[in-house]
$ cat work-v5.pdb   # PDB, C-alpha atoms
ATOM      1  CA  MET P   1     -13.878 -39.845  -6.717
ATOM      2  CA  ALA P   2     -15.973 -36.700  -7.094
ATOM      3  CA  LEU P   3     -17.545 -35.730 -10.395
ATOM      4  CA  PHE P   4     -14.774 -34.203 -12.494
ATOM      5  CA  ASP P   5     -15.899 -34.262 -16.126
ATOM      6  CA  LEU P   6     -18.674 -32.461 -17.984
ATOM      7  CA  PRO P   7     -22.222 -32.466 -16.550
ATOM      8  CA  LEU P   8     -24.478 -35.207 -17.879
ATOM      9  CA  ALA P   9     -26.695 -32.745 -19.749
ATOM     10  CA  GLU P  10     -23.637 -31.559 -21.709
ATOM     11  CA  LEU P  11     -22.311 -35.085 -22.228
ATOM     12  CA  GLU P  12     -25.571 -36.166 -23.831
ATOM     13  CA  LYS P  13     -25.075 -33.662 -26.652
ATOM     14  CA  TYR P  14     -21.265 -33.678 -26.652
ATOM     15  CA  ARG P  15     -19.876 -33.803 -30.196
ATOM     16  CA  PRO P  16     -16.314 -32.486 -30.043
ATOM     17  CA  SER P  17     -14.065 -31.896 -33.002
ATOM     18  CA  VAL P  18     -11.452 -34.667 -32.769
ATOM     19  CA  ARG P  19      -8.399 -34.448 -34.992
ATOM     20  CA  GLU P  20      -8.652 -36.924 -37.843
ATOM     21  CA  PRO P  21      -5.801 -37.576 -40.287
ATOM     22  CA  ALA P  22      -6.601 -36.905 -43.932
ATOM     23  CA  ASP P  23      -5.375 -40.392 -44.850
ATOM     24  CA  PHE P  24      -7.183 -42.196 -42.010
ATOM     25  CA  ASP P  25      -9.259 -44.445 -44.288
ATOM     26  CA  TYR P  26      -6.361 -45.190 -46.625
ATOM     27  CA  PHE P  27      -4.124 -46.045 -43.663
ATOM     28  CA  TRP P  28      -6.595 -48.588 -42.315
ATOM     29  CA  THR P  29      -7.680 -49.986 -45.667
ATOM     30  CA  SER P  30      -4.091 -50.699 -46.632
ATOM     31  CA  THR P  31      -3.304 -52.122 -43.185
ATOM     32  CA  LEU P  32      -6.257 -54.507 -43.278
ATOM     33  CA  ASP P  33      -5.668 -55.452 -46.926
ATOM     34  CA  ASP P  34      -2.155 -56.471 -45.984
ATOM     35  CA  ALA P  35      -3.427 -58.533 -43.027
ATOM     36  CA  ALA P  36      -6.066 -60.193 -45.230
ATOM     37  CA  ARG P  37      -3.381 -61.787 -47.391
ATOM     38  CA  ASN P  38      -3.317 -64.471 -44.710
ATOM     39  CA  GLU P  39      -6.197 -66.887 -44.183
ATOM     40  CA  PRO P  40      -7.726 -66.038 -40.798
ATOM     41  CA  LEU P  41      -7.493 -69.420 -39.061
ATOM     42  CA  ILE P  42      -4.121 -70.969 -38.266
ATOM     43  CA  ALA P  43      -5.052 -73.683 -35.754
ATOM     44  CA  VAL P  44      -8.225 -74.970 -34.102
ATOM     45  CA  ASP P  45      -7.504 -77.575 -31.440
ATOM     46  CA  PRO P  46     -10.109 -79.062 -29.077
ATOM     47  CA  ILE P  47      -9.125 -79.125 -25.414
ATOM     48  CA  THR P  48     -10.402 -80.848 -22.302
ATOM     49  CA  THR P  49     -11.565 -78.500 -19.541
ATOM     50  CA  GLY P  50     -13.604 -80.766 -17.295
ATOM     51  CA  LEU P  51     -16.769 -78.878 -18.232
ATOM     52  CA  SER P  52     -19.569 -81.038 -19.589
ATOM     53  CA  LEU P  53     -21.927 -78.283 -20.783
ATOM     54  CA  ILE P  54     -19.384 -76.167 -22.697
ATOM     55  CA  HIS P  55     -16.877 -77.335 -25.313
ATOM     56  CA  THR P  56     -13.686 -75.318 -25.876
ATOM     57  CA  TRP P  57     -10.997 -75.071 -28.548
ATOM     58  CA  ASP P  58      -7.548 -73.454 -28.432
ATOM     59  CA  ILE P  59      -7.497 -71.133 -31.444
ATOM     60  CA  ALA P  60      -4.701 -69.368 -33.285
ATOM     61  CA  PHE P  61      -5.657 -66.805 -35.926
ATOM     62  CA  ALA P  62      -3.654 -64.521 -38.200
ATOM     63  CA  GLY P  63      -3.533 -60.961 -36.869
ATOM     64  CA  PHE P  64      -1.410 -58.042 -38.004
ATOM     65  CA  ALA P  65       1.166 -59.168 -40.602
ATOM     66  CA  GLY P  66      -0.031 -62.748 -40.127
ATOM     67  CA  HIS P  67       1.263 -62.910 -36.547
ATOM     68  CA  PRO P  68      -0.467 -65.757 -34.666
ATOM     69  CA  ILE P  69      -2.929 -64.506 -32.050
ATOM     70  CA  ARG P  70      -4.276 -66.956 -29.493
ATOM     71  CA  ALA P  71      -7.891 -67.196 -28.345
ATOM     72  CA  TRP P  72     -10.245 -69.510 -26.506
ATOM     73  CA  TYR P  73     -13.269 -70.534 -28.532
ATOM     74  CA  SER P  74     -16.203 -71.989 -26.598
ATOM     75  CA  ARG P  75     -19.780 -72.957 -27.388
ATOM     76  CA  PRO P  76     -22.560 -74.858 -25.640
ATOM     77  CA  ALA P  77     -22.124 -78.606 -25.839
ATOM     78  CA  GLY P  78     -24.300 -80.311 -28.409
ATOM     79  CA  THR P  79     -24.583 -77.305 -30.732
ATOM     80  CA  GLN P  80     -22.244 -78.519 -33.475
ATOM     81  CA  GLY P  81     -24.246 -78.465 -36.697
ATOM     82  CA  HIS P  82     -26.439 -75.660 -35.391
ATOM     83  CA  PRO P  83     -25.346 -72.149 -36.450
ATOM     84  CA  LEU P  84     -25.049 -69.754 -33.503
ATOM     85  CA  PRO P  85     -24.327 -66.050 -33.178
ATOM     86  CA  ALA P  86     -20.867 -65.505 -31.719
ATOM     87  CA  VAL P  87     -19.569 -62.989 -29.208
ATOM     88  CA  VAL P  88     -15.987 -61.829 -29.757
ATOM     89  CA  GLU P  89     -14.657 -60.544 -26.434
ATOM     90  CA  TYR P  90     -11.610 -58.304 -25.970
ATOM     91  CA  LEU P  91      -9.724 -57.905 -22.712
ATOM     92  CA  GLY P  92      -8.823 -55.076 -20.358
ATOM     93  CA  TYR P  93      -5.408 -53.437 -20.264
ATOM     94  CA  GLY P  94      -2.642 -55.756 -19.078
ATOM     95  CA  ARG P  95      -4.783 -58.906 -19.009
ATOM     96  CA  GLY P  96      -4.261 -62.046 -21.087
ATOM     97  CA  ARG P  97      -6.776 -64.701 -22.057
ATOM     98  CA  GLY P  98      -6.053 -66.624 -18.859
ATOM     99  CA  LEU P  99      -7.550 -70.085 -18.447
ATOM    100  CA  PRO P 100     -10.407 -71.468 -20.560
ATOM    101  CA  VAL P 101     -12.723 -71.989 -17.556
ATOM    102  CA  GLU P 102     -12.652 -68.330 -16.472
ATOM    103  CA  ARG P 103     -15.103 -66.518 -18.748
ATOM    104  CA  LEU P 104     -18.207 -68.603 -19.283
ATOM    105  CA  LEU P 105     -20.943 -65.948 -19.431
ATOM    106  CA  TRP P 106     -21.583 -65.885 -23.173
ATOM    107  CA  PRO P 107     -21.485 -69.625 -23.909
ATOM    108  CA  SER P 108     -23.677 -70.130 -20.821
ATOM    109  CA  ALA P 109     -26.178 -67.768 -22.463
ATOM    110  CA  GLY P 110     -26.174 -69.916 -25.614
ATOM    111  CA  TYR P 111     -23.659 -68.000 -27.759
ATOM    112  CA  ALA P 112     -20.464 -69.134 -29.383
ATOM    113  CA  HIS P 113     -17.641 -67.173 -27.733
ATOM    114  CA  LEU P 114     -14.179 -66.131 -28.873
ATOM    115  CA  LEU P 115     -12.022 -64.733 -26.047
ATOM    116  CA  VAL P 116      -9.154 -62.923 -27.774
ATOM    117  CA  ASP P 117      -5.708 -62.825 -26.206
ATOM    118  CA  THR P 118      -3.898 -59.474 -26.285
ATOM    119  CA  ARG P 119      -0.502 -59.476 -27.963
ATOM    120  CA  GLY P 120       2.346 -58.688 -25.585
ATOM    121  CA  GLN P 121       0.061 -58.287 -22.573
ATOM    122  CA  GLY P 122      -1.056 -60.706 -19.881
ATOM    123  CA  GLY P 123       1.657 -60.044 -17.310
ATOM    124  CA  GLN P 124      -0.051 -57.490 -15.063
ATOM    125  CA  TYR P 125      -2.991 -59.358 -13.530
ATOM    126  CA  GLY P 126      -5.297 -62.307 -14.078
ATOM    127  CA  ASN P 127      -3.902 -65.679 -15.172
ATOM    128  CA  GLY P 128      -1.603 -64.610 -17.966
ATOM    129  CA  GLY P 129      -1.559 -64.540 -21.744
ATOM    130  CA  ASP P 130      -0.037 -66.633 -24.499
ATOM    131  CA  THR P 131       0.537 -64.215 -27.397
ATOM    132  CA  PRO P 132       3.867 -62.418 -27.810
ATOM    133  CA  ASP P 133       4.289 -59.239 -29.819
ATOM    134  CA  PRO P 134       7.214 -60.079 -32.116
ATOM    135  CA  ILE P 135       7.867 -56.435 -33.006
ATOM    136  CA  GLY P 136       9.953 -54.232 -30.750
ATOM    137  CA  SER P 137       9.885 -50.448 -30.623
ATOM    138  CA  ALA P 138      11.950 -47.347 -30.085
ATOM    139  CA  PRO P 139      12.254 -46.042 -26.498
ATOM    140  CA  ALA P 140       8.861 -45.997 -24.818
ATOM    141  CA  THR P 141       7.275 -45.402 -21.440
ATOM    142  CA  PRO P 142       6.586 -48.603 -19.451
ATOM    143  CA  GLY P 143       3.245 -49.965 -20.601
ATOM    144  CA  PHE P 144       1.976 -50.335 -24.161
ATOM    145  CA  LEU P 145       0.411 -47.097 -25.413
ATOM    146  CA  THR P 146       3.667 -45.362 -26.349
ATOM    147  CA  ARG P 147       5.412 -48.272 -28.052
ATOM    148  CA  GLY P 148       6.365 -47.080 -31.516
ATOM    149  CA  ILE P 149       4.067 -44.084 -31.055
ATOM    150  CA  ALA P 150       6.232 -41.571 -32.942
ATOM    151  CA  ASP P 151       4.768 -42.943 -36.184
ATOM    152  CA  PRO P 152       1.363 -44.608 -36.726
ATOM    153  CA  GLY P 153       2.977 -47.172 -38.999
ATOM    154  CA  THR P 154       5.178 -48.488 -36.184
ATOM    155  CA  ALA P 155       2.713 -48.042 -33.318
ATOM    156  CA  TYR P 156       1.792 -51.003 -31.131
ATOM    157  CA  LEU P 157      -1.821 -49.824 -31.360
ATOM    158  CA  ARG P 158      -1.827 -50.416 -35.119
ATOM    159  CA  ARG P 159      -1.050 -54.068 -34.525
ATOM    160  CA  LEU P 160      -3.507 -54.388 -31.650
ATOM    161  CA  LEU P 161      -6.466 -52.879 -33.506
ATOM    162  CA  THR P 162      -5.715 -54.944 -36.602
ATOM    163  CA  ASP P 163      -5.810 -58.066 -34.422
ATOM    164  CA  ALA P 164      -9.234 -56.961 -33.143
ATOM    165  CA  SER P 165     -10.669 -56.740 -36.648
ATOM    166  CA  ARG P 166      -9.100 -60.025 -37.721
ATOM    167  CA  ALA P 167     -10.660 -61.791 -34.726
ATOM    168  CA  VAL P 168     -14.069 -61.125 -36.311
ATOM    169  CA  ASP P 169     -12.922 -62.714 -39.567
ATOM    170  CA  ALA P 170     -11.553 -65.667 -37.603
ATOM    171  CA  VAL P 171     -14.734 -66.421 -35.673
ATOM    172  CA  LEU P 172     -16.839 -66.137 -38.837
ATOM    173  CA  ALA P 173     -14.519 -68.641 -40.529
ATOM    174  CA  LEU P 174     -15.340 -71.271 -37.896
ATOM    175  CA  PRO P 175     -18.080 -73.802 -38.645
ATOM    176  CA  ASP P 176     -21.598 -73.179 -37.353
ATOM    177  CA  VAL P 177     -21.105 -69.467 -36.642
ATOM    178  CA  ALA P 178     -23.888 -67.340 -38.098
ATOM    179  CA  SER P 179     -22.907 -63.803 -37.054
ATOM    180  CA  ALA P 180     -20.614 -61.918 -34.712
ATOM    181  CA  ALA P 181     -21.015 -59.311 -31.983
ATOM    182  CA  VAL P 182     -18.036 -57.600 -30.353
ATOM    183  CA  VAL P 183     -17.831 -56.811 -26.653
ATOM    184  CA  GLY P 184     -15.305 -55.413 -24.213
ATOM    185  CA  ASN P 185     -14.675 -53.278 -21.170
ATOM    186  CA  SER P 186     -11.981 -50.585 -20.831
ATOM    187  CA  GLN P 187      -9.217 -51.463 -23.332
ATOM    188  CA  GLY P 188     -11.543 -54.214 -24.517
ATOM    189  CA  GLY P 189     -14.272 -51.652 -25.118
ATOM    190  CA  GLY P 190     -11.917 -49.559 -27.215
ATOM    191  CA  LEU P 191     -10.961 -52.624 -29.237
ATOM    192  CA  ALA P 192     -14.623 -53.529 -29.746
ATOM    193  CA  ILE P 193     -15.341 -50.047 -31.135
ATOM    194  CA  ALA P 194     -12.332 -50.301 -33.442
ATOM    195  CA  ALA P 195     -13.388 -53.739 -34.664
ATOM    196  CA  ALA P 196     -16.899 -52.496 -35.420
ATOM    197  CA  GLY P 197     -15.534 -49.494 -37.307
ATOM    198  CA  LEU P 198     -12.978 -51.496 -39.268
ATOM    199  CA  ASN P 199     -15.004 -54.613 -40.031
ATOM    200  CA  ASN P 200     -18.479 -54.239 -41.542
ATOM    201  CA  ARG P 201     -19.249 -57.877 -40.669
ATOM    202  CA  VAL P 202     -19.823 -56.921 -37.012
ATOM    203  CA  ALA P 203     -23.519 -57.384 -36.210
ATOM    204  CA  ALA P 204     -23.615 -55.729 -32.757
ATOM    205  CA  LEU P 205     -21.308 -53.661 -30.540
ATOM    206  CA  LEU P 206     -21.150 -53.623 -26.728
ATOM    207  CA  ALA P 207     -18.533 -51.254 -25.272
ATOM    208  CA  SER P 208     -18.243 -50.408 -21.581
ATOM    209  CA  ALA P 209     -15.932 -47.651 -20.293
ATOM    210  CA  PRO P 210     -13.921 -47.804 -23.536
ATOM    211  CA  LEU P 211     -10.293 -46.732 -23.670
ATOM    212  CA  LEU P 212      -8.858 -44.762 -26.616
ATOM    213  CA  CYS P 213     -11.802 -42.386 -27.039
ATOM    214  CA  GLN P 214     -10.935 -38.712 -27.498
ATOM    215  CA  VAL P 215      -7.401 -39.462 -26.369
ATOM    216  CA  GLU P 216      -6.131 -35.898 -26.618
ATOM    217  CA  ARG P 217      -8.741 -34.671 -24.109
ATOM    218  CA  ALA P 218      -8.246 -37.660 -21.826
ATOM    219  CA  ILE P 219      -4.551 -36.993 -21.280
ATOM    220  CA  GLY P 220      -5.453 -33.422 -20.358
ATOM    221  CA  ILE P 221      -8.015 -34.216 -17.666
ATOM    222  CA  THR P 222      -6.789 -37.400 -15.947
ATOM    223  CA  ASP P 223      -3.562 -38.566 -14.336
ATOM    224  CA  ALA P 224      -4.743 -42.167 -14.192
ATOM    225  CA  GLU P 225      -3.047 -45.022 -15.987
ATOM    226  CA  PRO P 226      -2.795 -45.932 -18.770
ATOM    227  CA  TYR P 227      -3.324 -42.461 -20.260
ATOM    228  CA  ASN P 228      -0.602 -41.162 -17.957
ATOM    229  CA  GLU P 229       1.891 -43.276 -19.906
ATOM    230  CA  ILE P 230       1.475 -40.783 -22.745
ATOM    231  CA  VAL P 231       1.958 -37.833 -20.399
ATOM    232  CA  ARG P 232       5.157 -39.334 -18.968
ATOM    233  CA  TYR P 233       6.469 -40.039 -22.460
ATOM    234  CA  LEU P 234       5.860 -36.461 -23.559
ATOM    235  CA  SER P 235       7.449 -35.117 -20.365
ATOM    236  CA  VAL P 236      10.690 -36.684 -21.609
ATOM    237  CA  HIS P 237      10.212 -36.267 -25.375
ATOM    238  CA  ARG P 238       9.315 -32.613 -25.006
ATOM    239  CA  LYS P 239       9.451 -31.663 -28.671
ATOM    240  CA  SER P 240       7.449 -34.580 -30.021
ATOM    241  CA  ALA P 241       3.936 -33.717 -28.772
ATOM    242  CA  GLU P 242       2.460 -32.790 -32.151
ATOM    243  CA  ARG P 243       3.900 -35.873 -33.844
ATOM    244  CA  VAL P 244       2.662 -38.163 -31.050
ATOM    245  CA  LEU P 245      -0.833 -36.655 -30.925
ATOM    246  CA  ASN P 246      -1.124 -36.963 -34.683
ATOM    247  CA  SER P 247      -0.066 -40.600 -34.473
ATOM    248  CA  LEU P 248      -2.596 -41.330 -31.708
ATOM    249  CA  SER P 249      -5.368 -39.832 -33.830
ATOM    250  CA  TYR P 250      -5.178 -42.878 -36.127
ATOM    251  CA  PHE P 251      -6.376 -45.016 -33.212
ATOM    252  CA  ASP P 252      -9.084 -42.828 -31.683
ATOM    253  CA  GLY P 253     -12.367 -44.603 -31.047
ATOM    254  CA  VAL P 254     -14.400 -41.545 -32.070
ATOM    255  CA  HIS P 255     -13.363 -42.111 -35.699
ATOM    256  CA  PHE P 256     -14.130 -45.826 -35.619
ATOM    257  CA  ALA P 257     -17.512 -45.151 -34.008
ATOM    258  CA  SER P 258     -18.451 -42.782 -36.810
ATOM    259  CA  ARG P 259     -17.798 -45.576 -39.297
ATOM    260  CA  THR P 260     -20.138 -48.192 -37.835
ATOM    261  CA  THR P 261     -23.894 -48.531 -38.133
ATOM    262  CA  ALA P 262     -24.226 -51.703 -36.045
ATOM    263  CA  PRO P 263     -26.627 -51.630 -33.084
ATOM    264  CA  ALA P 264     -24.640 -50.527 -30.041
ATOM    265  CA  LEU P 265     -24.835 -50.553 -26.258
ATOM    266  CA  PHE P 266     -22.329 -48.354 -24.425
ATOM    267  CA  ALA P 267     -21.774 -47.758 -20.701
ATOM    268  CA  THR P 268     -19.906 -45.255 -18.532
ATOM    269  CA  GLY P 269     -19.454 -44.351 -14.891
ATOM    270  CA  LEU P 270     -19.551 -40.586 -14.408
ATOM    271  CA  ARG P 271     -16.722 -40.765 -11.841
ATOM    272  CA  ASP P 272     -14.428 -42.821 -14.059
ATOM    273  CA  THR P 273     -10.981 -41.211 -14.203
ATOM    274  CA  ILE P 274      -9.441 -44.133 -16.111
ATOM    275  CA  CYS P 275     -11.690 -43.764 -19.169
ATOM    276  CA  PRO P 276     -13.360 -40.360 -18.711
ATOM    277  CA  PRO P 277     -17.055 -40.181 -19.572
ATOM    278  CA  SER P 278     -16.542 -37.333 -22.039
ATOM    279  CA  GLY P 279     -14.548 -39.672 -24.278
ATOM    280  CA  VAL P 280     -17.186 -42.381 -23.995
ATOM    281  CA  PHE P 281     -19.955 -39.939 -24.955
ATOM    282  CA  ALA P 282     -17.824 -38.481 -27.752
ATOM    283  CA  ALA P 283     -17.624 -41.940 -29.319
ATOM    284  CA  PHE P 284     -21.248 -42.815 -28.568
ATOM    285  CA  ASN P 285     -22.576 -39.585 -30.073
ATOM    286  CA  ALA P 286     -20.375 -40.085 -33.144
ATOM    287  CA  LEU P 287     -21.860 -43.516 -33.891
ATOM    288  CA  GLY P 288     -23.373 -43.834 -37.340
ATOM    289  CA  THR P 289     -25.895 -46.220 -35.763
ATOM    290  CA  PRO P 290     -29.517 -45.002 -36.038
ATOM    291  CA  LEU P 291     -30.810 -43.464 -32.812
ATOM    292  CA  HIS P 292     -33.340 -46.209 -32.162
ATOM    293  CA  ARG P 293     -30.602 -48.857 -32.325
ATOM    294  CA  LYS P 294     -28.096 -47.394 -29.867
ATOM    295  CA  GLU P 295     -28.185 -46.949 -26.091
ATOM    296  CA  ILE P 296     -25.808 -45.774 -23.387
ATOM    297  CA  ALA P 297     -26.093 -46.840 -19.753
ATOM    298  CA  VAL P 298     -24.943 -44.157 -17.322
ATOM    299  CA  TYR P 299     -23.903 -44.958 -13.748
ATOM    300  CA  PRO P 300     -23.660 -41.588 -11.955
ATOM    301  CA  TYR P 301     -22.028 -42.816  -8.747
ATOM    302  CA  ASN P 302     -19.592 -45.321 -10.189
ATOM    303  CA  HIS P 303     -15.961 -45.227 -11.234
ATOM    304  CA  HIS P 304     -14.360 -47.581 -13.784
ATOM    305  CA  GLU P 305     -16.423 -50.543 -12.586
ATOM    306  CA  GLY P 306     -19.554 -48.858 -13.987
ATOM    307  CA  GLY P 307     -22.621 -51.033 -13.598
ATOM    308  CA  ASP P 308     -20.620 -54.194 -12.883
ATOM    309  CA  ALA P 309     -22.918 -57.271 -12.761
ATOM    310  CA  HIS P 310     -26.006 -55.065 -13.068
ATOM    311  CA  HIS P 311     -24.731 -53.983 -16.462
ATOM    312  CA  THR P 312     -23.932 -57.588 -17.410
ATOM    313  CA  ILE P 313     -27.612 -58.416 -16.933
ATOM    314  CA  ARG P 314     -28.476 -55.446 -19.136
ATOM    315  CA  GLN P 315     -26.017 -56.632 -21.798
ATOM    316  CA  LEU P 316     -27.547 -60.103 -21.859
ATOM    317  CA  ALA P 317     -31.043 -58.712 -22.329
ATOM    318  CA  TRP P 318     -29.909 -56.184 -24.951
ATOM    319  CA  LEU P 319     -27.962 -58.697 -27.034
ATOM    320  CA  GLY P 320     -30.797 -61.177 -26.720
ATOM    321  CA  GLU P 321     -32.991 -58.571 -28.420
ATOM    322  CA  HIS P 322     -30.563 -57.539 -31.160
ATOM    323  CA  LEU P 323     -28.745 -60.833 -31.810
ATOM    324  CA  PRO P 324     -30.899 -63.630 -30.356
ATOM    325  CA  VAL P 325     -29.667 -67.191 -30.070
TER     326      VAL P 325
END
$ encode --input "work-v5.pdb" --output "structure tokens"
Amino acid sequence: MALFDLPLAELEKYRPSVREPADFDYFWTSTLDDAARNEPLIAVDPITTGLSLIHTWDIAFAGFAGHPIRAWYSRPAGTQGHPLPAVVEYLGYGRGRGLPVERLLWPSAGYAHLLVDTRGQGGQYGNGGDTPDPIGSAPATPGFLTRGIADPGTAYLRRLLTDASRAVDAVLALPDVASAAVVGNSQGGGLAIAAAGLNNRVAALLASAPLLCQVERAIGITDAEPYNEIVRYLSVHRKSAERVLNSLSYFDGVHFASRTTAPALFATGLRDTICPPSGVFAAFNALGTPLHRKEIAVYPYNHHEGGDAHHTIRQLAWLGEHLPV
């Protein structure tokens, strides 16, 4: 893919005006207050994985409206009784939590690790998910972004982002967890930004190629999925564009970024058509985080994969500095 978005020099100072609902804070405060009526942890069950150096539990925590959300919780063996920082990890679009032996990076680095399942997803690739979304929706485009999108109160994204914030409460309710960072790539990156903006208990934010950042621009410059779900929906619901765009503005990562001051490491590939770099920079530049505590890694010749394992090494070093074990 050739370069298609703004030049890097413009991206570095890119601070667009992104529509923000007047009741944005009230909407999210009331949503989270309602979710907080439920204690965060529902079940914590140890499981056998065959791994001797990492211990794992099958977790259920209360997400939106108390709905049970599944997660794998892992930590280095022998660390019970020793408080550790935790990494809460969110997944890419269409992926479920899979199997507990799949994602071992963070516990191998010495962190506690909560791998959060994604409600209703897990059927597109990987090894599946275990969390249903018990709420249906009005007619929607195949995928998830347009489910219930005519109104922010009924939107699938409201439930998903609430789950992301509640995952932080859940991991901090577990024994021997001292603090929590949030991390994710693509959809997971968007959820990490939302969690950091919604939950002031987040101690560090790592977001790579995040989805849901400056959504209105993204659907105008890329035909890639999943943003194209919104385009296809509006091509059928021709008179609902203003209502849909207003609804989506309640879930835009730019607004959540502006509400966090946690140290942050972002990443983008300048040829990424799935999560365009202008949206990533819009969120990064909106961060309330002090300049000396935020960084963005730019990969000029990469698409959605960004820095891949090279960036993983950078993440390990960065988090080791800002949230050491």
$ residues_around --input "work-v5.pdb" --residues "range 139-142 of chain P" --least-positions-apart "4" --cutoff "8 Å" --atoms "all atoms listed in the file" --output "PyMOL selection string"
chain P and resi 146-148+229-230+232-233
$ write_last_selection --input "work-v5.pdb" --atoms "C-alpha atoms" --output "compact mmCIF listing (two decimals), in the frame of the given file"
# COMPACT_ATOMS: atom_id res chain seq x y z
CA THR P 146 3.67 -45.36 -26.35
CA ARG P 147 5.41 -48.27 -28.05
CA GLY P 148 6.36 -47.08 -31.52
CA GLU P 229 1.89 -43.28 -19.91
CA ILE P 230 1.48 -40.78 -22.74
CA ARG P 232 5.16 -39.33 -18.97
CA TYR P 233 6.47 -40.04 -22.46
$ residues_around --input "work-v5.pdb" --residues "Thr260 in chain P" --least-positions-apart "4" --cutoff "7 Å" --atoms "all atoms listed in the file" --output "PyMOL selection string"
chain P and resi 196-197+256+287-289
$ residues_around --input "work-v5.pdb" --residues "Leu212 in chain P" --least-positions-apart "3" --cutoff "12 Å" --atoms "all atoms listed in the file" --output "PyMOL selection string"
chain P and resi 93+145+157+161+185-194+207+209+215-219+226-227+230+248-257+274-280+282-283
$ closest_residue --input "work-v5.pdb" --among "P:Thr56, P:Thr162, P:Asn302, P:Ser208" --to "Glu102 in chain P" --atoms "only C-alpha atoms"
P:Thr56
$ atom_distance --input "work-v5.pdb" --atom1 "CA of Pro16 in chain P" --atom2 "CA of Val168 in chain P"
29.4 Å
$ residues_around --input "work-v5.pdb" --residues "Leu99 in chain P" --least-positions-apart "2" --cutoff "12 Å" --atoms "all atoms listed in the file" --output "compact mmCIF listing (two decimals) with C-alpha atoms, keeping the file's coordinate frame"
# COMPACT_ATOMS: atom_id res chain seq x y z
CA ILE P 47 -9.12 -79.12 -25.41
CA THR P 48 -10.40 -80.85 -22.30
CA THR P 49 -11.56 -78.50 -19.54
CA THR P 56 -13.69 -75.32 -25.88
CA TRP P 57 -11.00 -75.07 -28.55
CA ASP P 58 -7.55 -73.45 -28.43
CA ARG P 70 -4.28 -66.96 -29.49
CA ALA P 71 -7.89 -67.20 -28.34
CA TRP P 72 -10.24 -69.51 -26.51
CA TYR P 73 -13.27 -70.53 -28.53
CA ARG P 95 -4.78 -58.91 -19.01
CA GLY P 96 -4.26 -62.05 -21.09
CA ARG P 97 -6.78 -64.70 -22.06
CA VAL P 101 -12.72 -71.99 -17.56
CA GLU P 102 -12.65 -68.33 -16.47
CA ARG P 103 -15.10 -66.52 -18.75
CA LEU P 104 -18.21 -68.60 -19.28
CA LEU P 115 -12.02 -64.73 -26.05
CA VAL P 116 -9.15 -62.92 -27.77
CA ASP P 117 -5.71 -62.82 -26.21
CA GLY P 122 -1.06 -60.71 -19.88
CA GLY P 126 -5.30 -62.31 -14.08
CA ASN P 127 -3.90 -65.68 -15.17
CA GLY P 128 -1.60 -64.61 -17.97
CA GLY P 129 -1.56 -64.54 -21.74
CA ASP P 130 -0.04 -66.63 -24.50
$ closest_residue --input "work-v5.pdb" --among "P:Phe24, P:Phe284, P:Phe4, P:Phe61" --to "Ala36 in chain P" --atoms "only C-alpha atoms"
P:Phe61
$ atom_distance --input "work-v5.pdb" --atom1 "CA of Gly110 in chain P" --atom2 "CA of Leu205 in chain P"
17.7 Å
$ resolve_selection --input "work-v5.pdb" --expression "the PyMOL selection byres ((chain P and resi 62) around 9)" --output "ChimeraX atom specification"
/P:35-36,38-42,60-61,63-69,163,166-167,170
$ write_last_selection --input "work-v5.pdb" --atoms "C-alpha atoms" --output "PDB file, in the coordinates of the input"
ATOM      1  CA  ALA P  35      -3.427 -58.533 -43.027  1.00  0.00           C
ATOM      2  CA  ALA P  36      -6.066 -60.193 -45.230  1.00  0.00           C
ATOM      3  CA  ASN P  38      -3.317 -64.471 -44.710  1.00  0.00           C
ATOM      4  CA  GLU P  39      -6.197 -66.887 -44.183  1.00  0.00           C
ATOM      5  CA  PRO P  40      -7.726 -66.038 -40.798  1.00  0.00           C
ATOM      6  CA  LEU P  41      -7.493 -69.420 -39.061  1.00  0.00           C
ATOM      7  CA  ILE P  42      -4.121 -70.969 -38.266  1.00  0.00           C
ATOM      8  CA  ALA P  60      -4.701 -69.368 -33.285  1.00  0.00           C
ATOM      9  CA  PHE P  61      -5.657 -66.805 -35.926  1.00  0.00           C
ATOM     10  CA  GLY P  63      -3.533 -60.961 -36.869  1.00  0.00           C
ATOM     11  CA  PHE P  64      -1.410 -58.042 -38.004  1.00  0.00           C
ATOM     12  CA  ALA P  65       1.166 -59.168 -40.602  1.00  0.00           C
ATOM     13  CA  GLY P  66      -0.031 -62.748 -40.127  1.00  0.00           C
ATOM     14  CA  HIS P  67       1.263 -62.910 -36.547  1.00  0.00           C
ATOM     15  CA  PRO P  68      -0.467 -65.757 -34.666  1.00  0.00           C
ATOM     16  CA  ILE P  69      -2.929 -64.506 -32.050  1.00  0.00           C
ATOM     17  CA  ASP P 163      -5.810 -58.066 -34.422  1.00  0.00           C
ATOM     18  CA  ARG P 166      -9.100 -60.025 -37.721  1.00  0.00           C
ATOM     19  CA  ALA P 167     -10.660 -61.791 -34.726  1.00  0.00           C
ATOM     20  CA  ALA P 170     -11.553 -65.667 -37.603  1.00  0.00           C
TER      21      ALA P 170
END
$ residues_around --input "work-v5.pdb" --residues "Leu53 in chain P" --least-positions-apart "3" --cutoff "10 Å" --atoms "all atoms listed in the file" --output "MDAnalysis selection string"
chainID P and resid 50 75:78 107:108
$ closest_residue --input "work-v5.pdb" --among "P:Leu84, P:Leu51, P:Ala224, P:Ala155" --to "Pro175 in chain P" --atoms "only C-alpha atoms"
P:Leu84
$ residues_near_point --input "work-v5.pdb" --point "(-5.5, -47.0, -41.9)" --cutoff "10 Å" --atoms "all atoms listed in the file" --output "PyMOL selection string"
chain P and resi 21+23-33+152-153+158+162+198+250-251
$ closest_residue --input "work-v5.pdb" --among "P:Pro300, P:Pro134, P:Gly92, P:Pro263" --to "Pro7 in chain P" --atoms "all atoms listed in the file"
P:Pro300
